[in-house]
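Notes to accompany the following structure.
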Amino acid sequence: MKKFLLAGLMILTTCTLLIAGGRKEQNEAENPGRSVKVAVLNGPSGVGMIQLMENPPMQDKNIRVETIAVSAPKVLLGQLIKEEWDFAALPASMAAILYNKGLPYKMAAVTGLGNLYLIADKSYGELSMKDLQDKKIYIPGKNTTPDLIMQLLCDKNKVDIGYDYSFNPNDLAKALIAKIADIAVLPEPMASLALSKNPNLMVAADLQNLWEESYPDKSLFPITVMVVNAAFEENNPILTREIMMASEDSINWVCENPADASVLIGKHGFMLPPAVVEKSIPRSNFSFLTAEEAMASADPYYTEVYRINPASIGGKIPDEGFYLK
C-alpha cells in the first residue's frame with residue numbers, strides 16, 4: 001500500500017512540475033506586446049548585430065525587440081548597473097566585472113573573437129614580439145582588451161615595451177593617420193580606417209597570430225560577449241532562445257554580406273564610415289559561440305588576465321555560474 005501511495009505522490013509531483021513549466025512557457029508565449037531591450041555599442045561590437053536592428057525578431061508575435069547603439073562603454077556600464085537592459089553586447093572584461101560585482105548578468109554567448117592588429121609605419125616592416133622590445137606602443141585605453149592582450153603577450157614572451165594610453169580608439173586612429181603615433185594596437189574597423197587614410201601605414205602584426213604562437217594550447221581570446229539579465233532569462237526562456245538565435249543569424253549575415261551590412265551601419269547611425277566597415281568585416285572575426293561552447297576559450301583567457309591584472313575583470317575569475325546553461 002505504501003509503495004502505491006509513494007508512486008502516486010511521485011506521479012502527482014512530476015505532473016505538477018510539468019504543468020508549472022508548461023504554464024510558464026505558455027504564459028510567456030501568450031503575453032504579446034511586451035518590449036525587449038538589447039544594447040550594443042556604437043562601434044566594432046555593434047556591427048555584428050546590425051541585422052538585429054534592421055529586422056527585429058518576433059515581430060509576428062507582436063513582441064517589440066529594441067536594439068539600440070549606446071555611445072560608449074562607460075555609459076553602457078552605468079545603465080547595466082541600473083539593470084536598464086535585458087541583453088547587451090559588450091567587452092568580455094566588462095561582462096566579468098558585472099558578474100563579479102554581483103550584478104545579475106550572465107554570459108549568453110561570445111559574439112566576437114580576436115580582432116586586434118598592430119598598425120605601424122611601413123618603415124618598421126613586419127614585427128614579431130621580440131622586435132617590440134623597448135618600443136613605445138600606443139594602446140587605446142588602459143585595461144581595455146587591447147591593453148590586456150598586449151600585457152599578456154609581453155609577459156609570455158618576456159618583452160618590455162612602453163605603454164602610451166594617450167588616445168581613445170577613434171583618436172588613436174587619427175593620431176596614426178597624422179603621424180603623431182607610429183606603432184599602435186587597434187581593433188577593427190579602426191585599423192582599416194587608419195590604413196585607408198594613410199598609405200604609409202601597414203599591418204605590422206596580427207595579434208591573433210601572435211596569441212596562437214604564444215599560447216598554442218589555448219583558443220583565440222574573446223573580444224565581445226552577449227550577456228542576459230538572469231531574471232529575464234529565467235522568466236522568459238523562449239524569448240531568450242529567440243534573441244540568441246536572431247543574434248547568431250545577424251552575425252552570419254554580416255559575415256556573408258559585408259557590403260550590405262556597411263550600408264545598414266550608416267542607416268542606423270553608427271559613427272563608422274560604411275566603406276571602411278565593409279573592408280574591415282573579413283578581419284573582424286565575428287563569431288557566435290554559446291556560453292557553454294565559449295567556456296573552453298573564455299575561462300583560460302580570464303585565468304590569464306587574472307594572473308597579471310585581477311582588477312580588470314572584477315578581482316576574481318568568473319565561476320561556472322557566469323555561463324548561461
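Each chain in the C-alpha cells gets a letter, A, B, ..., in the order shown, and its residues are numbered from 1; ligands are numbered from 1 in order too.
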Residues of region 90-183 of chain A at most 10 Å from region 44-68 of chain A: nearest atom pair and distance in Å, only C-alpha atoms, as JSON lines:
{"residue": "A:Leu90", "atom": "CA", "partner": "A:Ser45", "partner_atom": "CA", "distance": 6.8}
{"residue": "A:Pro91", "atom": "CA", "partner": "A:Ser45", "partner_atom": "CA", "distance": 7.8}
{"residue": "A:Thr111", "atom": "CA", "partner": "A:Gly48", "partner_atom": "CA", "distance": 7.7}
{"residue": "A:Gly112", "atom": "CA", "partner": "A:Ser45", "partner_atom": "CA", "distance": 7.4}
{"residue": "A:Asn115", "atom": "CA", "partner": "A:Pro44", "partner_atom": "CA", "distance": 9.3}
Each region 136-189 of chain A residue no farther than 8 Å from region 295-308 of chain A, nearest pair in Å, only C-alpha atoms, as a Markdown table:
| residue | atom | partner | partner_atom | distance |
| --- | --- | --- | --- | --- |
| A:Leu148 | CA | A:Val305 | CA | 6.9 |
| A:Gln151 | CA | A:Ile308 | CA | 7.9 |
| A:Leu152 | CA | A:Val305 | CA | 7.3 |
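Closest approach to Gly315 (chain A) among A:Lys74, A:Leu80, A:Lys37, A:Tyr99 is made by A:Tyr99 (distances from only C-alpha atoms).
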Can you tell me, as a PyMOL selection string, which residues in region 53-285 of chain A count as alpha helix (DSSP H) by DSSP? chain A and resi 53-54+73-81+92-100+145-157+169-177+190-197+207-214+230-235+237-256+258-267+274-280
Kindly indicate which residue among A:Lys179, A:Lys136, A:Lys197, A:Lys267 lies nearest to Val159 (chain A), using only C-alpha atoms for the distances. A:Lys136
If you run DSSP over the backbone, which residues in region 10-258 of chain A end up strand (DSSP E)? Put them as a PyMOL selection string. chain A and resi 35-41+64-70+87-91+105-113+116-121+136-138+162-164+183-187+201-206+222-229
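Minimum atom-to-atom distances from A:Phe288, A:Pro273, A:Met226, A:Ser192 to Asn252 (chain A) were compared using only C-alpha atoms, and the lowest value belongs to A:Phe288.
Take CA of Leu272 (chain A) and CA of Ala191 (chain A): the distance between them is 11.8 Å.
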Atomic separation - CA of Arg283 (chain A) relative to CA of Tyr323 (chain A), Å: 26.9 Å
Ala181 (chain A) environment, 8 Å, only C-alpha atoms, sequence neighbours closer than 5 positions dropped, as a compact mmCIF listing (two decimals) with C-alpha atoms, in the first residue's frame:
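For reference, around.txt as written:
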# COMPACT_ATOMS: atom_id res chain seq x y z
CA TYR A 138 50.13 53.28 -28.30
CA LEU A 172 44.37 56.84 -31.90
CA ALA A 175 46.98 60.02 -34.49
CA LEU A 176 48.31 57.26 -36.75
Near-Val276 (chain A) list (10 Å; only C-alpha atoms; drop same-chain fewer than 6 positions) as a ChimeraX atom specification: /A:188-196,262
Now that the selection is made, can you save its residues with N, CA and C atoms as a short mmCIF file (atom, residue, chain, number, x, y, z; two decimals), in the first residue's frame?
data_model
loop_
_atom_site.label_atom_id
_atom_site.label_comp_id
_atom_site.auth_asym_id
_atom_site.auth_seq_id
_atom_site.Cartn_x
_atom_site.Cartn_y
_atom_site.Cartn_z
N GLU A 188 39.57 46.23 -35.29
CA GLU A 188 38.79 46.57 -36.46
C GLU A 188 37.44 47.15 -35.99
N PRO A 189 36.87 48.12 -36.74
CA PRO A 189 37.31 48.65 -38.04
C PRO A 189 38.25 49.86 -37.95
N MET A 190 38.69 50.21 -36.72
CA MET A 190 39.59 51.36 -36.59
C MET A 190 40.92 51.11 -37.31
N ALA A 191 41.36 49.85 -37.31
CA ALA A 191 42.60 49.54 -38.03
C ALA A 191 42.44 49.82 -39.52
N SER A 192 41.32 49.39 -40.09
CA SER A 192 41.08 49.64 -41.53
C SER A 192 40.91 51.12 -41.82
N LEU A 193 40.33 51.86 -40.88
CA LEU A 193 40.18 53.30 -41.05
C LEU A 193 41.54 53.97 -41.16
N ALA A 194 42.46 53.62 -40.26
CA ALA A 194 43.79 54.22 -40.30
C ALA A 194 44.51 53.84 -41.60
N LEU A 195 44.42 52.58 -41.99
CA LEU A 195 45.10 52.11 -43.21
C LEU A 195 44.56 52.81 -44.46
N SER A 196 43.26 53.09 -44.45
CA SER A 196 42.64 53.71 -45.63
C SER A 196 43.02 55.18 -45.80
N SER A 262 27.47 47.16 -44.43
CA SER A 262 28.05 48.50 -44.30
C SER A 262 27.03 49.59 -44.60
#
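The residue that comes closest to Gln79 (chain A), out of A:Ala39, A:Ala173, A:Ile223, A:Ala230 and on the basis of only C-alpha atoms, is A:Ala39.
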For Trp85 (chain A), which residue out of A:Asn229, A:Asn285, A:Asn236, A:Asn198 is the nearest one, using only C-alpha atoms? A:Asn229
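Each of A:Ser280, A:Ser93, A:Ser128, A:Asn42 was checked against Ala204 (chain A) using only C-alpha atoms; the smallest atom-to-atom distance is that of A:Ser128.
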